[in-house]
Amino acid sequence: MRKREPITSKPITRRNVELIRLFQSWGDLLGDAHGSLYRADVPMLRSDDLFYHAQGFAHVISHLMRAIEREYRQDFDARPMIGNLMREVADALGRAAVLKPLVVLDGRPSGIFANHRRNLDAYITEARQKLYSLREELEK
């Protein structure tokens with residue numbers, strides 16, 4: 001019996017149009033996460049659900065961003081701004097992905113307890129804004 005070669009995926013078509021669409025989709029996901037994290041009328045027992053849902057987006061997108069950076073590295077060697085923005089997005093989301101509060105608190109801005117949703121949202125918003133800048137750079 002002849003040994004079969006493992007199935008491989010189709011090579012990535014490295015065009016900016018696909019990246020722009022992908023980054024738009026990721027920006028939309030992060031925008032939804034931002035909206036849910038920033039809401040003020042969240043019941044106490046629902047706050048941690050929103051936190052971990054948004055953190056899941058951050059975790060996945062940070063790893064995917066590093067994979068894309070590696071895959072497109074040769075295409076962007078001449079455009080260091082794109083590489084820098086990709087690393088900054090991945091770093092912000094990577095920091096969001098490793099936040100590990102013992103209990104997800106929903107404190108007031110002037111209170112003594114933390115507001116973990118807002119802390120996570122800072123990283124999500126930073127990454128989302130840099131994704132927008134990245135899309136603009138790719139469109140040039």
# chains A, B, ... in the order shown; residues from 1 in each chain; ligands from 1
$ residues_around --residues "range 80-83 of chain A" --least-positions-apart "6" --cutoff "8 Å" --atoms "only C-alpha atoms" --output "list in words"
Glu69, Arg73, Leu134, Glu137 and Leu138 of chain A
$ residues_around --residues "Ser25 in chain A" --least-positions-apart "6" --cutoff "12 Å" --atoms "only C-alpha atoms" --output "PyMOL selection string"
chain A and resi 18-19+31-32+57+61+128+131-132+135
$ write_last_selection --atoms "N, CA and C atoms" --output "PDB file, in the first residue's frame"
ATOM      1  N   GLU A  18      -7.212  41.306   0.362  1.00  0.00           N
ATOM      2  CA  GLU A  18      -7.646  40.294   1.327  1.00  0.00           C
ATOM      3  C   GLU A  18      -7.307  40.713   2.754  1.00  0.00           C
ATOM      4  N   LEU A  19      -6.125  41.287   2.939  1.00  0.00           N
ATOM      5  CA  LEU A  19      -5.742  41.743   4.277  1.00  0.00           C
ATOM      6  C   LEU A  19      -6.637  42.873   4.764  1.00  0.00           C
ATOM      7  N   GLY A  31     -14.763  45.985  17.745  1.00  0.00           N
ATOM      8  CA  GLY A  31     -15.752  47.036  18.008  1.00  0.00           C
ATOM      9  C   GLY A  31     -16.934  46.504  18.803  1.00  0.00           C
ATOM     10  N   ASP A  32     -17.397  45.314  18.464  1.00  0.00           N
ATOM     11  CA  ASP A  32     -18.468  44.686  19.235  1.00  0.00           C
ATOM     12  C   ASP A  32     -18.015  44.408  20.663  1.00  0.00           C
ATOM     13  N   PHE A  57     -11.670  37.051  22.007  1.00  0.00           N
ATOM     14  CA  PHE A  57     -11.361  37.712  20.733  1.00  0.00           C
ATOM     15  C   PHE A  57      -9.915  38.192  20.727  1.00  0.00           C
ATOM     16  N   ILE A  61      -7.173  36.802  17.988  1.00  0.00           N
ATOM     17  CA  ILE A  61      -6.695  37.757  16.984  1.00  0.00           C
ATOM     18  C   ILE A  61      -5.215  38.064  17.191  1.00  0.00           C
ATOM     19  N   ARG A 128      -7.809  48.127  18.151  1.00  0.00           N
ATOM     20  CA  ARG A 128      -8.786  48.465  17.101  1.00  0.00           C
ATOM     21  C   ARG A 128      -8.352  49.720  16.344  1.00  0.00           C
ATOM     22  N   LEU A 131      -5.472  48.813  14.127  1.00  0.00           N
ATOM     23  CA  LEU A 131      -5.943  48.057  12.961  1.00  0.00           C
ATOM     24  C   LEU A 131      -6.481  49.008  11.900  1.00  0.00           C
ATOM     25  N   TYR A 132      -7.178  50.043  12.343  1.00  0.00           N
ATOM     26  CA  TYR A 132      -7.690  51.041  11.403  1.00  0.00           C
ATOM     27  C   TYR A 132      -6.527  51.739  10.688  1.00  0.00           C
ATOM     28  N   ARG A 135      -5.022  49.386   8.145  1.00  0.00           N
ATOM     29  CA  ARG A 135      -5.816  49.331   6.914  1.00  0.00           C
ATOM     30  C   ARG A 135      -5.533  50.537   6.028  1.00  0.00           C
TER      31      ARG A 135
END
$ select_by_dssp --residues "range 79-137 of chain A" --states "alpha helix (DSSP H)" --output "JSON, numbers by chain"
{"A": [80, 81, 82, 83, 84, 85, 86, 87, 88, 89, 90, 91, 92, 93, 94, 95, 96, 97, 116, 117, 118, 119, 120, 121, 122, 123, 124, 125, 126, 127, 128, 129, 130, 131, 132, 133, 134, 135, 136, 137]}
$ write_last_selection --atoms "N, CA and C atoms" --output "compact mmCIF listing (two decimals), in the first residue's frame"
# COMPACT_ATOMS: atom_id res chain seq x y z
N PRO A 80 8.26 49.35 6.61
CA PRO A 80 8.40 49.03 8.03
C PRO A 80 7.24 49.51 8.90
N MET A 81 6.53 50.54 8.47
CA MET A 81 5.39 51.04 9.25
C MET A 81 4.34 49.95 9.41
N ILE A 82 4.12 49.17 8.37
CA ILE A 82 3.12 48.11 8.43
C ILE A 82 3.54 47.03 9.43
N GLY A 83 4.78 46.63 9.37
CA GLY A 83 5.28 45.64 10.33
C GLY A 83 5.19 46.13 11.76
N ASN A 84 5.51 47.40 11.98
CA ASN A 84 5.42 47.98 13.33
C ASN A 84 3.98 47.98 13.83
N LEU A 85 3.06 48.39 12.97
CA LEU A 85 1.65 48.42 13.37
C LEU A 85 1.13 47.01 13.66
N MET A 86 1.55 46.04 12.85
CA MET A 86 1.10 44.67 13.08
C MET A 86 1.60 44.17 14.44
N ARG A 87 2.84 44.47 14.77
CA ARG A 87 3.38 44.05 16.07
C ARG A 87 2.67 44.76 17.21
N GLU A 88 2.38 46.04 17.03
CA GLU A 88 1.69 46.80 18.08
C GLU A 88 0.28 46.28 18.33
N VAL A 89 -0.42 45.92 17.27
CA VAL A 89 -1.76 45.34 17.42
C VAL A 89 -1.66 44.01 18.17
N ALA A 90 -0.73 43.16 17.73
CA ALA A 90 -0.56 41.85 18.38
C ALA A 90 -0.15 42.02 19.84
N ASP A 91 0.70 42.99 20.13
CA ASP A 91 1.15 43.20 21.52
C ASP A 91 0.00 43.68 22.40
N ALA A 92 -0.80 44.63 21.91
CA ALA A 92 -1.93 45.14 22.71
C ALA A 92 -2.93 44.01 22.99
N LEU A 93 -3.23 43.23 21.98
CA LEU A 93 -4.17 42.12 22.17
C LEU A 93 -3.56 41.02 23.02
N GLY A 94 -2.26 40.83 22.89
CA GLY A 94 -1.58 39.85 23.73
C GLY A 94 -1.64 40.23 25.21
N ARG A 95 -1.48 41.52 25.49
CA ARG A 95 -1.60 41.98 26.89
C ARG A 95 -3.03 41.81 27.38
N ALA A 96 -4.00 42.06 26.52
CA ALA A 96 -5.41 41.87 26.90
C ALA A 96 -5.71 40.40 27.17
N ALA A 97 -5.08 39.53 26.41
CA ALA A 97 -5.37 38.10 26.52
C ALA A 97 -4.87 37.48 27.82
N HIS A 116 -12.58 45.89 35.74
CA HIS A 116 -11.80 45.05 34.84
C HIS A 116 -12.28 45.12 33.40
N ARG A 117 -13.57 45.33 33.20
CA ARG A 117 -14.06 45.47 31.82
C ARG A 117 -13.44 46.68 31.15
N ARG A 118 -13.35 47.78 31.86
CA ARG A 118 -12.77 49.00 31.29
C ARG A 118 -11.26 48.84 31.09
N ASN A 119 -10.60 48.13 31.99
CA ASN A 119 -9.16 47.88 31.83
C ASN A 119 -8.90 47.07 30.56
N LEU A 120 -9.68 46.03 30.35
CA LEU A 120 -9.54 45.21 29.14
C LEU A 120 -9.88 46.04 27.90
N ASP A 121 -10.89 46.88 28.03
CA ASP A 121 -11.33 47.70 26.90
C ASP A 121 -10.23 48.64 26.43
N ALA A 122 -9.36 49.09 27.31
CA ALA A 122 -8.27 49.98 26.90
C ALA A 122 -7.38 49.28 25.87
N TYR A 123 -7.05 48.03 26.11
CA TYR A 123 -6.22 47.28 25.16
C TYR A 123 -6.99 46.98 23.86
N ILE A 124 -8.25 46.63 23.99
CA ILE A 124 -9.08 46.33 22.82
C ILE A 124 -9.19 47.57 21.93
N THR A 125 -9.43 48.72 22.55
CA THR A 125 -9.57 49.96 21.79
C THR A 125 -8.25 50.36 21.13
N GLU A 126 -7.15 50.19 21.84
CA GLU A 126 -5.83 50.48 21.25
C GLU A 126 -5.60 49.63 20.01
N ALA A 127 -5.86 48.35 20.11
CA ALA A 127 -5.65 47.44 18.98
C ALA A 127 -6.58 47.80 17.83
N ARG A 128 -7.81 48.13 18.15
CA ARG A 128 -8.79 48.46 17.10
C ARG A 128 -8.35 49.72 16.34
N GLN A 129 -7.88 50.73 17.05
CA GLN A 129 -7.43 51.95 16.39
C GLN A 129 -6.20 51.69 15.52
N LYS A 130 -5.31 50.84 16.00
CA LYS A 130 -4.12 50.54 15.20
C LYS A 130 -4.46 49.66 14.00
N LEU A 131 -5.47 48.81 14.13
CA LEU A 131 -5.94 48.06 12.96
C LEU A 131 -6.48 49.01 11.90
N TYR A 132 -7.18 50.04 12.34
CA TYR A 132 -7.69 51.04 11.40
C TYR A 132 -6.53 51.74 10.69
N SER A 133 -5.49 52.12 11.44
CA SER A 133 -4.32 52.75 10.83
C SER A 133 -3.61 51.79 9.88
N LEU A 134 -3.58 50.54 10.24
CA LEU A 134 -2.97 49.51 9.40
C LEU A 134 -3.71 49.38 8.08
N ARG A 135 -5.02 49.39 8.14
CA ARG A 135 -5.82 49.33 6.91
C ARG A 135 -5.53 50.54 6.03
N GLU A 136 -5.41 51.70 6.62
CA GLU A 136 -5.12 52.90 5.85
C GLU A 136 -3.76 52.79 5.17
N GLU A 137 -2.77 52.25 5.88
CA GLU A 137 -1.43 52.07 5.29
C GLU A 137 -1.48 51.09 4.13
$ closest_residue --among "A:Pro6, A:Phe23, A:Glu139, A:Ala114" --to "Ile68 in chain A" --atoms "only C-alpha atoms"
A:Phe23
$ closest_residue --among "A:Val98, A:Met65, A:Leu30, A:Ala40" --to "Asn115 in chain A" --atoms "only C-alpha atoms"
A:Ala40
$ closest_residue --among "A:Leu102, A:Gln74, A:Val42, A:Leu29" --to "Val60 in chain A" --atoms "only C-alpha atoms"
A:Leu29
$ closest_residue --among "A:His53, A:Arg21, A:His34, A:Arg15" --to "Glu71 in chain A" --atoms "only C-alpha atoms"
A:Arg15
